[in-house]
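Engineer: This is protein25.csv (CSV, C-alpha atoms).
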chain,number,residue,atom,x,y,z
A,1,MET,CA,119.9,91.8,110.5
A,2,ALA,CA,118.2,92.5,107.2
A,3,ASP,CA,115.8,95.3,107.1
A,4,ILE,CA,112.8,94.4,104.9
A,5,SER,CA,110.9,97.7,105.5
A,6,VAL,CA,110.4,99.9,102.4
A,7,ASP,CA,109.4,103.4,101.5
A,8,PHE,CA,106.8,103.1,98.7
A,9,ALA,CA,106.2,106.6,97.2
A,10,GLY,CA,106.5,108.1,100.7
A,11,VAL,CA,104.4,105.4,102.4
A,12,LYS,CA,106.4,103.5,105.0
A,13,LEU,CA,105.7,99.8,105.1
A,14,ALA,CA,107.1,97.3,107.6
A,15,ASN,CA,107.6,94.8,104.7
A,16,PRO,CA,106.9,94.9,101.0
A,17,ILE,CA,104.2,92.2,101.0
A,18,ILE,CA,100.9,94.0,100.3
A,19,LEU,CA,97.4,92.4,100.1
A,20,ALA,CA,96.1,93.0,96.5
A,21,SER,CA,92.6,94.1,95.8
A,22,GLY,CA,90.4,91.0,95.8
A,23,GLY,CA,88.2,88.7,97.8
A,24,PRO,CA,90.4,88.5,100.9
A,25,GLY,CA,89.9,92.3,101.4
A,26,TRP,CA,86.2,92.6,100.6
A,27,ASP,CA,85.4,94.4,103.9
A,28,GLY,CA,87.1,96.1,106.8
A,29,GLU,CA,87.2,93.1,109.1
A,30,HIS,CA,88.9,90.9,106.6
A,31,LEU,CA,91.4,93.6,105.8
A,32,LYS,CA,92.2,94.0,109.5
A,33,ARG,CA,92.8,90.2,109.7
A,34,CYS,CA,95.3,90.4,106.9
A,35,ALA,CA,97.1,93.3,108.6
A,36,LYS,CA,97.3,91.3,111.9
A,37,ALA,CA,98.6,88.3,109.9
A,38,GLY,CA,101.6,90.4,108.7
A,39,ALA,CA,100.6,92.2,105.5
A,40,GLY,CA,102.8,95.2,105.0
A,41,GLY,CA,99.9,97.1,103.4
A,42,LEU,CA,96.3,96.6,102.4
A,43,VAL,CA,94.5,97.3,99.1
A,44,PRO,CA,90.7,96.9,99.6
A,45,LYS,CA,88.4,95.8,96.8
A,46,SER,CA,88.1,98.6,94.3
A,47,ILE,CA,85.7,101.3,95.6
A,48,GLY,CA,83.2,103.1,93.2
A,49,PRO,CA,79.8,104.7,93.4
A,50,PRO,CA,77.6,103.4,90.6
A,51,ALA,CA,75.0,100.9,91.9
A,52,ARG,CA,75.3,98.8,88.8
A,53,TRP,CA,78.8,97.7,89.8
A,54,LEU,CA,77.7,96.6,93.3
A,55,HIS,CA,77.3,93.0,92.3
A,56,HIS,CA,79.1,90.1,90.9
A,57,PRO,CA,78.0,86.6,89.8
A,58,ARG,CA,76.8,84.4,92.6
A,59,THR,CA,76.3,81.3,90.4
A,60,GLY,CA,79.9,80.2,90.6
A,61,ARG,CA,82.5,82.7,89.5
A,62,MET,CA,85.8,81.0,90.1
A,63,ALA,CA,87.5,78.0,88.6
A,64,LEU,CA,91.0,76.5,89.0
A,65,VAL,CA,93.2,75.9,85.9
A,66,LYS,CA,95.1,72.7,86.1
A,67,VAL,CA,97.7,70.7,84.2
A,68,GLY,CA,97.0,67.2,85.2
A,69,LYS,CA,96.5,67.5,89.0
A,70,THR,CA,98.7,70.5,89.3
A,71,VAL,CA,96.9,73.8,89.8
A,72,ILE,CA,98.7,76.6,87.9
A,73,GLY,CA,96.1,79.4,87.9
A,74,MET,CA,92.6,80.6,88.5
A,75,ILE,CA,89.9,82.4,86.5
A,76,ASN,CA,87.6,84.7,88.4
A,77,LEU,CA,84.5,86.7,87.3
A,78,GLU,CA,84.9,89.3,90.1
A,79,LEU,CA,84.1,92.9,89.5
A,80,PHE,CA,84.5,95.7,92.0
A,81,SER,CA,83.5,96.1,95.7
A,82,THR,CA,80.0,94.9,96.5
A,83,LEU,CA,79.8,97.4,99.3
A,84,PRO,CA,78.6,100.9,98.6
A,85,LEU,CA,81.0,103.9,98.8
A,86,GLU,CA,79.1,105.2,101.9
A,87,GLN,CA,79.7,102.0,103.8
A,88,TRP,CA,83.5,102.1,103.1
A,89,ILE,CA,83.6,105.8,104.2
A,90,GLU,CA,81.5,105.4,107.3
A,91,LYS,CA,82.6,102.0,108.6
A,92,GLU,CA,84.9,99.7,106.6
A,93,LEU,CA,88.0,101.8,106.2
A,94,ARG,CA,88.0,102.6,110.0
A,95,ILE,CA,87.8,98.9,110.8
A,96,ALA,CA,90.6,98.1,108.3
A,97,ALA,CA,92.8,100.7,109.8
A,98,GLU,CA,92.6,99.0,113.2
A,99,GLY,CA,95.0,96.4,111.8
A,100,GLY,CA,97.8,98.9,111.8
A,101,ALA,CA,99.0,98.4,108.2
A,102,PRO,CA,98.8,101.3,105.7
A,103,ILE,CA,95.8,101.3,103.5
A,104,ILE,CA,96.3,101.8,99.7
A,105,ALA,CA,92.7,102.5,98.7
A,106,SER,CA,91.7,101.2,95.3
A,107,VAL,CA,89.4,103.5,93.4
A,108,VAL,CA,87.5,102.5,90.3
A,109,ALA,CA,88.4,104.8,87.4
A,110,ASP,CA,85.2,106.3,86.1
A,111,PRO,CA,85.0,107.3,82.4
A,112,GLU,CA,84.7,110.9,83.6
A,113,PRO,CA,88.0,111.6,85.5
A,114,ALA,CA,86.2,114.2,87.7
A,115,ASN,CA,84.1,111.4,89.2
A,116,THR,CA,87.2,109.3,89.9
A,117,ALA,CA,88.7,112.3,91.7
A,118,LYS,CA,85.5,112.9,93.7
A,119,VAL,CA,85.5,109.3,95.1
A,120,ALA,CA,89.3,109.5,95.8
A,121,LYS,CA,88.8,112.7,97.8
A,122,GLN,CA,85.9,111.2,99.8
A,123,VAL,CA,88.1,108.2,100.7
A,124,VAL,CA,91.1,110.4,101.6
A,125,ASP,CA,88.9,112.7,103.7
A,126,THR,CA,88.2,109.8,106.1
A,127,GLY,CA,91.9,110.0,107.2
A,128,TYR,CA,92.3,106.2,107.0
A,129,ALA,CA,94.0,105.9,103.6
A,130,SER,CA,97.8,106.5,103.1
A,131,MET,CA,97.7,106.2,99.3
A,132,ILE,CA,95.2,105.9,96.4
A,133,GLU,CA,95.5,103.2,93.7
A,134,VAL,CA,93.5,104.1,90.6
A,135,ASN,CA,92.1,100.9,88.9
A,136,VAL,CA,92.2,101.3,85.1
A,137,SER,CA,92.8,97.7,84.5
A,138,CYS,CA,89.9,95.3,85.5
A,139,PRO,CA,89.6,92.8,82.6
A,140,MET,CA,85.9,92.0,83.1
A,141,PRO,CA,83.7,95.0,82.5
A,142,VAL,CA,82.2,95.6,79.0
A,143,GLU,CA,81.4,99.2,79.8
A,144,LYS,CA,84.0,102.0,79.4
A,145,VAL,CA,85.8,101.3,82.6
A,146,GLY,CA,88.6,99.0,83.7
A,147,MET,CA,91.1,98.1,81.0
A,148,HIS,CA,89.0,100.1,78.5
A,149,ILE,CA,90.5,103.2,80.1
A,150,GLY,CA,93.9,101.6,80.9
A,151,ARG,CA,94.7,100.8,77.2
A,152,ASP,CA,94.9,104.5,76.3
A,153,PRO,CA,97.8,106.6,77.5
A,154,LYS,CA,95.8,109.8,77.1
A,155,LEU,CA,92.9,108.4,79.3
A,156,VAL,CA,95.4,107.1,81.9
A,157,ALA,CA,97.0,110.6,82.1
A,158,GLU,CA,93.6,112.3,82.5
A,159,GLN,CA,92.7,110.0,85.4
A,160,ILE,CA,96.0,110.7,87.2
A,161,LYS,CA,95.8,114.5,86.7
A,162,ALA,CA,92.3,114.6,88.0
A,163,VAL,CA,93.0,112.6,91.1
A,164,LYS,CA,96.3,114.4,91.8
A,165,GLU,CA,94.5,117.8,91.7
A,166,ALA,CA,91.9,116.5,94.2
A,167,ILE,CA,94.1,115.0,96.9
A,168,SER,CA,97.5,115.4,98.5
A,169,LEU,CA,98.3,111.7,99.1
A,170,PRO,CA,100.5,109.6,96.8
A,171,VAL,CA,98.7,108.1,93.8
A,172,SER,CA,99.5,104.9,91.9
A,173,ILE,CA,97.9,103.7,88.7
A,174,LYS,CA,97.1,99.9,88.3
A,175,LEU,CA,97.9,98.9,84.8
A,176,SER,CA,96.7,96.0,82.7
A,177,PRO,CA,98.9,93.2,81.3
A,178,ASN,CA,96.6,92.8,78.3
A,179,PHE,CA,98.4,95.4,76.2
A,180,ALA,CA,101.9,95.4,74.8
A,181,TYR,CA,102.7,99.0,75.4
A,182,ILE,CA,103.3,99.1,79.1
A,183,PRO,CA,106.3,101.5,78.8
A,184,GLU,CA,104.1,104.1,77.0
A,185,LEU,CA,101.3,103.7,79.6
A,186,ALA,CA,103.7,104.0,82.5
A,187,LYS,CA,105.4,107.0,81.0
A,188,ALA,CA,102.1,108.7,80.5
A,189,ALA,CA,101.1,108.1,84.1
A,190,GLU,CA,104.5,109.4,85.4
A,191,GLN,CA,104.3,112.6,83.2
A,192,ALA,CA,100.8,113.2,84.5
A,193,GLY,CA,102.0,113.1,88.1
A,194,ALA,CA,101.6,109.5,89.2
A,195,ASP,CA,103.8,108.7,92.3
A,196,ALA,CA,103.9,105.0,91.6
A,197,ILE,CA,103.0,102.2,89.1
A,198,THR,CA,101.1,99.1,90.1
A,199,ALA,CA,101.8,96.3,87.5
A,200,THR,CA,99.6,94.6,87.0
A,201,ASN,CA,96.0,93.4,87.1
A,202,SER,CA,94.9,89.9,86.1
A,203,VAL,CA,95.2,88.6,82.5
A,204,GLN,CA,91.9,88.5,80.6
A,205,GLY,CA,91.0,84.9,79.8
A,206,LEU,CA,88.3,82.3,79.0
A,207,TYR,CA,88.3,79.3,81.4
A,208,GLY,CA,87.2,76.6,79.0
A,209,VAL,CA,84.5,74.3,77.7
A,210,ASP,CA,82.9,71.2,79.1
A,211,VAL,CA,83.4,69.1,76.0
A,212,GLU,CA,80.7,66.6,76.9
A,213,THR,CA,78.0,69.3,76.9
A,214,GLY,CA,79.6,71.9,74.6
A,215,LYS,CA,78.9,74.6,77.2
A,216,LEU,CA,81.4,77.1,78.7
A,217,VAL,CA,82.3,76.4,82.3
A,218,LEU,CA,82.4,80.1,83.1
A,219,PRO,CA,80.4,81.8,80.3
A,220,ALA,CA,82.2,85.2,80.4
A,221,PHE,CA,85.7,86.5,80.0
A,222,GLY,CA,87.4,86.6,83.4
A,223,GLY,CA,90.6,87.5,85.1
A,224,TYR,CA,93.4,84.9,85.0
A,225,SER,CA,95.7,84.9,88.1
A,226,GLY,CA,98.1,82.5,89.8
A,227,PRO,CA,101.6,81.2,89.2
A,228,ALA,CA,101.1,80.7,85.4
A,229,ILE,CA,100.9,84.5,84.7
A,230,ARG,CA,104.1,85.4,86.5
A,231,PRO,CA,106.3,85.6,83.3
A,232,ILE,CA,103.7,88.0,81.9
A,233,THR,CA,103.6,90.3,84.8
A,234,LEU,CA,107.4,90.1,85.5
A,235,ARG,CA,107.7,91.5,81.9
A,236,CYS,CA,105.3,94.3,82.8
A,237,VAL,CA,107.2,95.2,85.9
A,238,ALA,CA,110.6,95.2,84.2
A,239,GLN,CA,109.2,97.4,81.4
A,240,ALA,CA,107.6,99.9,83.8
A,241,ALA,CA,110.8,100.0,85.9
A,242,ARG,CA,113.0,100.7,82.9
A,243,ALA,CA,110.6,103.3,81.5
A,244,THR,CA,110.0,105.4,84.6
A,245,LYS,CA,111.8,106.7,87.7
A,246,ILE,CA,108.9,106.2,90.0
A,247,PRO,CA,108.5,103.1,92.2
A,248,VAL,CA,106.7,100.0,90.9
A,249,CYS,CA,104.6,97.5,92.8
A,250,GLY,CA,104.6,94.1,91.2
A,251,ILE,CA,101.6,91.7,91.1
A,252,GLY,CA,101.0,88.4,89.5
A,253,GLY,CA,101.5,84.8,90.4
A,254,ILE,CA,103.5,85.4,93.6
A,255,SER,CA,103.5,82.2,95.7
A,256,SER,CA,107.0,82.0,97.3
A,257,TRP,CA,109.7,84.2,98.6
A,258,ARG,CA,111.7,83.5,95.5
A,259,ASP,CA,108.9,85.1,93.5
A,260,VAL,CA,109.1,88.2,95.7
A,261,VAL,CA,112.9,88.4,95.2
A,262,GLU,CA,112.5,88.0,91.4
A,263,TYR,CA,110.0,90.9,91.2
A,264,ILE,CA,112.4,93.1,93.3
A,265,MET,CA,115.3,92.2,91.1
A,266,VAL,CA,113.5,93.4,88.0
A,267,GLY,CA,112.7,96.7,89.6
A,268,ALA,CA,109.8,96.3,92.0
A,269,THR,CA,109.8,98.2,95.4
A,270,THR,CA,106.8,96.3,96.7
A,271,VAL,CA,104.6,93.4,95.6
A,272,GLN,CA,101.0,92.5,96.0
A,273,VAL,CA,99.5,89.0,96.6
A,274,CYS,CA,95.9,87.8,96.5
A,275,THR,CA,95.5,84.4,94.8
A,276,ALA,CA,98.1,82.8,97.1
A,277,VAL,CA,96.1,84.2,100.1
A,278,MET,CA,92.9,82.7,98.8
A,279,TRP,CA,94.5,79.3,98.2
A,280,ARG,CA,96.7,79.0,101.3
A,281,GLY,CA,95.4,81.4,103.9
A,282,LEU,CA,96.7,84.4,105.8
A,283,GLY,CA,99.9,82.6,106.8
A,284,VAL,CA,101.2,83.5,103.4
A,285,PHE,CA,102.1,87.0,104.5
A,286,LYS,CA,104.5,85.8,107.2
A,287,GLU,CA,105.8,83.0,105.1
A,288,LEU,CA,106.8,85.4,102.3
A,289,ALA,CA,108.2,88.1,104.6
A,290,ASP,CA,110.3,85.5,106.6
A,291,GLY,CA,111.6,83.9,103.4
A,292,LEU,CA,112.6,87.3,102.0
A,293,LYS,CA,114.4,88.2,105.2
A,294,SER,CA,116.2,84.9,105.4
A,295,PHE,CA,117.3,85.2,101.7
A,296,MET,CA,118.7,88.7,102.4
A,297,GLU,CA,120.6,87.6,105.4
A,298,ARG,CA,122.1,84.7,103.6
A,299,LYS,CA,123.2,86.9,100.7
A,300,GLY,CA,124.4,89.7,102.9
A,301,TYR,CA,121.8,92.3,101.8
A,302,GLU,CA,121.0,94.8,104.5
A,303,ARG,CA,118.2,96.6,102.6
A,304,ILE,CA,115.9,95.8,99.7
A,305,GLU,CA,117.4,98.7,97.8
A,306,ASP,CA,120.7,96.7,97.8
A,307,PHE,CA,119.4,94.3,95.2
A,308,ARG,CA,116.4,96.1,93.7
A,309,GLY,CA,116.6,96.1,89.9
A,310,ILE,CA,119.9,94.3,89.7
A,311,ALA,CA,118.6,91.9,87.0
A,312,LEU,CA,117.7,94.6,84.6
A,313,LYS,CA,121.3,95.1,83.5
A,314,ASP,CA,121.0,91.6,81.8
A,315,LEU,CA,117.9,92.5,79.9
A,316,THR,CA,118.6,92.6,76.2
A,317,THR,CA,116.9,91.7,72.9
A,318,VAL,CA,116.6,88.5,71.0
A,319,GLU,CA,118.3,90.3,68.1
A,320,GLU,CA,121.4,91.0,70.3
A,321,LEU,CA,121.4,87.5,71.7
A,322,ALA,CA,121.5,86.1,68.1
A,323,GLN,CA,124.9,87.8,67.7
A,324,ARG,CA,126.5,86.0,70.6
A,325,LYS,CA,128.6,82.8,70.4
A,326,PRO,CA,126.4,79.8,70.1
A,327,VAL,CA,126.2,77.1,72.8
A,328,HIS,CA,125.3,73.5,72.4
A,329,ALA,CA,123.9,70.6,74.6
A,330,SER,CA,126.4,68.7,76.6
A,331,VAL,CA,125.4,65.5,78.5
A,332,ASN,CA,126.9,64.4,81.9
A,333,GLU,CA,126.9,60.7,81.3
A,334,ASP,CA,127.4,60.0,85.1
A,335,LEU,CA,124.0,61.6,85.8
A,336,CYS,CA,122.1,60.6,82.6
A,337,THR,CA,119.6,57.7,83.1
A,338,GLY,CA,118.8,57.2,79.5
A,339,CYS,CA,115.2,58.1,80.0
A,340,GLY,CA,114.8,59.5,76.4
A,341,VAL,CA,113.0,62.7,77.3
A,342,CYS,CA,115.7,64.8,75.7
A,343,GLU,CA,115.5,62.8,72.5
A,344,ARG,CA,111.7,63.1,72.4
A,345,VAL,CA,111.6,66.9,72.8
A,346,CYS,CA,114.5,67.7,70.4
A,347,SER,CA,113.2,69.2,67.1
A,348,TYR,CA,116.7,69.0,65.5
A,349,ASP,CA,117.5,65.3,65.9
A,350,ALA,CA,120.6,66.5,67.8
A,351,ILE,CA,120.4,64.2,70.8
A,352,LYS,CA,119.9,60.4,70.9
A,353,VAL,CA,119.9,57.7,73.6
A,354,VAL,CA,122.6,55.2,72.7
A,355,GLU,CA,123.3,52.2,74.9
A,356,GLY,CA,121.6,53.8,77.9
A,357,ASN,CA,123.1,57.3,77.7
A,358,ALA,CA,122.1,60.4,75.8
A,359,LYS,CA,124.6,61.6,73.2
A,360,ALA,CA,124.5,65.1,71.8
A,361,ASN,CA,125.5,66.0,68.2
A,362,GLN,CA,126.8,69.5,68.4
A,363,GLU,CA,126.7,69.9,64.6
A,364,LEU,CA,123.0,69.4,64.6
A,365,CYS,CA,122.3,71.1,68.0
A,366,ASP,CA,120.6,74.5,67.6
A,367,GLY,CA,121.3,75.6,71.2
A,368,CYS,CA,117.6,76.0,72.1
A,369,GLY,CA,118.0,74.5,75.6
A,370,LEU,CA,114.7,72.5,75.6
A,371,CYS,CA,116.5,69.3,76.4
A,372,LYS,CA,118.2,70.9,79.3
A,373,ALA,CA,114.9,72.3,80.5
A,374,TRP,CA,113.1,69.0,80.4
A,375,CYS,CA,115.9,66.7,81.7
A,376,PRO,CA,114.5,65.2,85.0
A,377,VAL,CA,118.0,64.6,86.5
A,378,GLU,CA,119.7,67.8,85.3
A,379,ALA,CA,122.3,65.9,83.3
A,380,ILE,CA,122.3,68.3,80.4
A,381,ASP,CA,124.0,71.7,80.2
A,382,LEU,CA,124.6,74.3,77.4
A,383,ILE,CA,128.3,75.0,76.8
Kindly transcribe the structure held in the file into structure tokens.
Structural biologist:
Amino acid sequence: MADISVDFAGVKLANPIILASGGPGWDGEHLKRCAKAGAGGLVPKSIGPPARWLHHPRTGRMALVKVGKTVIGMINLELFSTLPLEQWIEKELRIAAEGGAPIIASVVADPEPANTAKVAKQVVDTGYASMIEVNVSCPMPVEKVGMHIGRDPKLVAEQIKAVKEAISLPVSIKLSPNFAYIPELAKAAEQAGADAITATNSVQGLYGVDVETGKLVLPAFGGYSGPAIRPITLRCVAQAARATKIPVCGIGGISSWRDVVEYIMVGATTVQVCTAVMWRGLGVFKELADGLKSFMERKGYERIEDFRGIALKDLTTVEELAQRKPVHASVNEDLCTGCGVCERVCSYDAIKVVEGNAKANQELCDGCGLCKAWCPVEAIDLI
């Protein structure tokens, strides 16, 4: 039997599927429901003291991003918790803990690190948190919080040092995908004493324009989440895992057990999900955990550590790939239907449909693989 339990920076989880900070965990009761549904851990909405953060737009703040009729992502204009710090301390964390899953309490990073540390200590003193996650990555605020802190390694280090001095529990830092230097940020956090890296928050985006009226659908920059951002956040997890020796929690676009496995294979110890829970309900936790366990049993993996990070050995550079032996498109004529998609997408005039079958010209083929990617019947390979 496969064992899907994990040790995340000293916190024992029954499975690596954690509720990410967001709407489904806006209060203690909803957090408890997620735990009962099978979440391995719980991250509440980010907790912070200033009254000016205790609100978010109530005029419509979420919109789905579609390609045709297929939903690929979502933009939200959420900020931090709408419940005051006192309510979390006096009531909500206790209710959440009744669910039985460890609580990784998200704390808003204040521009003054001592204030962040003060809130973290108040949360820890309740006895209900198992870990603190410092949020330096929210993409919405225009003030000097969120990703305005998370883009500077020095500011990230100051936050970690302050919180570590104030509490004895493990501390993770939640990074932003909106900056290219994830390794530098992750190293700064590790050197400052961080016990883990959370990678990452949502991608800053602008939803779009109603072209009939010329008005923005959501008139503010928001956080882009959902399946479309997974390649971005997978990159961030791989970079953080290669740059540090502390565990990494991966977030971004997870909607299936395969996504969970991919994150683990590029170095994640745990993952967080939120958008999938919002779209499909609490059954997502069990679905992902069961799928992960079935995969491990099919492959003969006994523990998550047996395959964590195994894909990183293949990670190289495009400069190195350019030195390898070229490959070219090859068409299996028994499978080809002559649909012409490959001919349409080829920029090199290297593939043509002749008498009902695609024919590849290897002298013209540049080995890009776009024809293979688009072929609806998988009749093309690169050899």
Engineer: Report the distance between CA of Ser137 in chain A and CA of Thr316 in chain A in Å, rounded to one decimal place.
Structural biologist: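 Separation of CA of Ser137 in chain A and CA of Thr316 in chain A: 27.6 Å.
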Engineer: Report the distance between CA of Thr198 in chain A and CA of Ala2 in chain A in Å, rounded to one decimal place.
Structural biologist: 25.1 Å
Engineer: What's around Ile232 in chain A at 9 Å? Count all atoms listed in the file, leave out sequence neighbours fewer than 6 positions away in its own chain, and write the answer as a list in words.
Structural biologist: Pro177, Val203 and Gly252 of chain A
Engineer: Hey, could you make a per-residue contact list for range 100-173 of chain A against range 212-229 of chain A with 9 Å as the cut-off, showing the nearest pair of atoms and its distance in Å to one decimal, counting all atoms listed in the file, sorted by chain and number, as CSV?
Structural biologist:
residue,atom,partner,partner_atom,distance
A:Cys138,CA,A:Gly223,CA,7.8
A:Pro139,CA,A:Gly223,CA,5.9
A:Met140,CA,A:Gly222,CA,5.6
Engineer: Could you produce a table of the residues of range 127-233 of chain A lying within 7 Å of range 98-114 of chain A, with the nearest pair of atoms per residue and their separation in Å rounded to one decimal, using only C-alpha atoms, ordered by chain and increasing residue number, as JSON lines?
Structural biologist:
{"residue": "A:Tyr128", "atom": "CA", "partner": "A:Ile103", "partner_atom": "CA", "distance": 7.0}
{"residue": "A:Ala129", "atom": "CA", "partner": "A:Ile103", "partner_atom": "CA", "distance": 4.9}
{"residue": "A:Ser130", "atom": "CA", "partner": "A:Ile103", "partner_atom": "CA", "distance": 5.6}
{"residue": "A:Met131", "atom": "CA", "partner": "A:Ile104", "partner_atom": "CA", "distance": 4.6}
{"residue": "A:Ile132", "atom": "CA", "partner": "A:Ala105", "partner_atom": "CA", "distance": 4.8}
{"residue": "A:Glu133", "atom": "CA", "partner": "A:Ser106", "partner_atom": "CA", "distance": 4.6}
{"residue": "A:Val134", "atom": "CA", "partner": "A:Val107", "partner_atom": "CA", "distance": 5.0}
{"residue": "A:Asn135", "atom": "CA", "partner": "A:Val108", "partner_atom": "CA", "distance": 5.1}
{"residue": "A:Val136", "atom": "CA", "partner": "A:Ala109", "partner_atom": "CA", "distance": 5.7}
{"residue": "A:Lys144", "atom": "CA", "partner": "A:Pro111", "partner_atom": "CA", "distance": 6.2}
{"residue": "A:Val145", "atom": "CA", "partner": "A:Pro111", "partner_atom": "CA", "distance": 6.1}
{"residue": "A:Gly146", "atom": "CA", "partner": "A:Ala109", "partner_atom": "CA", "distance": 6.9}
{"residue": "A:Glu158", "atom": "CA", "partner": "A:Pro113", "partner_atom": "CA", "distance": 6.4}
{"residue": "A:Gln159", "atom": "CA", "partner": "A:Pro113", "partner_atom": "CA", "distance": 5.0}
{"residue": "A:Ala162", "atom": "CA", "partner": "A:Pro113", "partner_atom": "CA", "distance": 5.8}
Engineer: Show me, as CSV, the residues of range 31-61 of chain A having an atom within 6 Å of range 73-84 of chain A, each with the closest atom pair and its distance in Å, using only C-alpha atoms.
Structural biologist:
residue,atom,partner,partner_atom,distance
A:Lys45,CA,A:Ser81,CA,5.0
A:Ser46,CA,A:Phe80,CA,5.2
A:Ile47,CA,A:Ser81,CA,5.6
A:Leu54,CA,A:Thr82,CA,4.3
A:His55,CA,A:Thr82,CA,5.3
A:His56,CA,A:Leu79,CA,5.9
A:Arg61,CA,A:Leu77,CA,5.0
Engineer: Mind writing the picked residues with C-alpha atoms as a CSV table (one decimal), in the frame of the given file?
Structural biologist:
chain,number,residue,atom,x,y,z
A,45,LYS,CA,88.4,95.8,96.8
A,46,SER,CA,88.1,98.6,94.3
A,47,ILE,CA,85.7,101.3,95.6
A,54,LEU,CA,77.7,96.6,93.3
A,55,HIS,CA,77.3,93.0,92.3
A,56,HIS,CA,79.1,90.1,90.9
A,61,ARG,CA,82.5,82.7,89.5
Engineer: When you count all atoms listed in the file, which of these residues is closest to Gly291 in chain A: A:Arg308, A:Arg230, A:Arg258, A:Arg324?
Structural biologist: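 Among the listed residues, the smallest separation from Gly291 in chain A belongs to A:Arg258.
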Engineer: Within 12 Å of (129.0, 62.1, 81.6) (file coordinates; only C-alpha atoms), which protein or nucleic acid residues are there? I'd like them as a compact mmCIF listing (two decimals) with C-alpha atoms, keeping the file's coordinate frame.
Structural biologist:
# COMPACT_ATOMS: atom_id res chain seq x y z
CA SER A 330 126.40 68.70 76.60
CA VAL A 331 125.40 65.50 78.50
CA ASN A 332 126.90 64.40 81.90
CA GLU A 333 126.90 60.70 81.30
CA ASP A 334 127.40 60.00 85.10
CA LEU A 335 124.00 61.60 85.80
CA CYS A 336 122.10 60.60 82.60
CA THR A 337 119.60 57.70 83.10
CA GLY A 338 118.80 57.20 79.50
CA GLY A 356 121.60 53.80 77.90
CA ASN A 357 123.10 57.30 77.70
CA ALA A 358 122.10 60.40 75.80
CA LYS A 359 124.60 61.60 73.20
CA ALA A 360 124.50 65.10 71.80
CA GLU A 378 119.70 67.80 85.30
CA ALA A 379 122.30 65.90 83.30
CA ILE A 380 122.30 68.30 80.40
CA ASP A 381 124.00 71.70 80.20
Engineer: Of the candidates A:Val284, A:Leu382, A:Val43, A:Leu93, which shows the shortest atom-to-atom distance to Leu370 in chain A, using only C-alpha atoms?
Structural biologist: A:Leu382
Engineer: Taking (91.6, 91.0, 101.9) in the file's coordinates as the center, which residues reach within 8 Å of it, counting all atoms listed in the file, put as JSON, numbers by chain?
Structural biologist: {"A": [19, 20, 21, 22, 23, 24, 25, 26, 27, 30, 31, 33, 34, 42, 43, 44, 45, 274]}
Engineer: Generate a file of the selected residues that holds C-alpha atoms, formatted as an mmCIF file, in the frame of the given file.
Structural biologist:
data_model
loop_
_atom_site.group_PDB
_atom_site.id
_atom_site.type_symbol
_atom_site.label_atom_id
_atom_site.label_comp_id
_atom_site.auth_asym_id
_atom_site.auth_seq_id
_atom_site.Cartn_x
_atom_site.Cartn_y
_atom_site.Cartn_z
ATOM 1 C CA LEU A 19 97.400 92.400 100.100
ATOM 2 C CA ALA A 20 96.100 93.000 96.500
ATOM 3 C CA SER A 21 92.600 94.100 95.800
ATOM 4 C CA GLY A 22 90.400 91.000 95.800
ATOM 5 C CA GLY A 23 88.200 88.700 97.800
ATOM 6 C CA PRO A 24 90.400 88.500 100.900
ATOM 7 C CA GLY A 25 89.900 92.300 101.400
ATOM 8 C CA TRP A 26 86.200 92.600 100.600
ATOM 9 C CA ASP A 27 85.400 94.400 103.900
ATOM 10 C CA HIS A 30 88.900 90.900 106.600
ATOM 11 C CA LEU A 31 91.400 93.600 105.800
ATOM 12 C CA ARG A 33 92.800 90.200 109.700
ATOM 13 C CA CYS A 34 95.300 90.400 106.900
ATOM 14 C CA LEU A 42 96.300 96.600 102.400
ATOM 15 C CA VAL A 43 94.500 97.300 99.100
ATOM 16 C CA PRO A 44 90.700 96.900 99.600
ATOM 17 C CA LYS A 45 88.400 95.800 96.800
ATOM 18 C CA CYS A 274 95.900 87.800 96.500
#
Engineer: Kindly indicate which residue among A:Arg235, A:His148, A:Lys293, A:Lys154 lies nearest to Ala180 in chain A, using all atoms listed in the file for the distances.
Structural biologist: A:Arg235
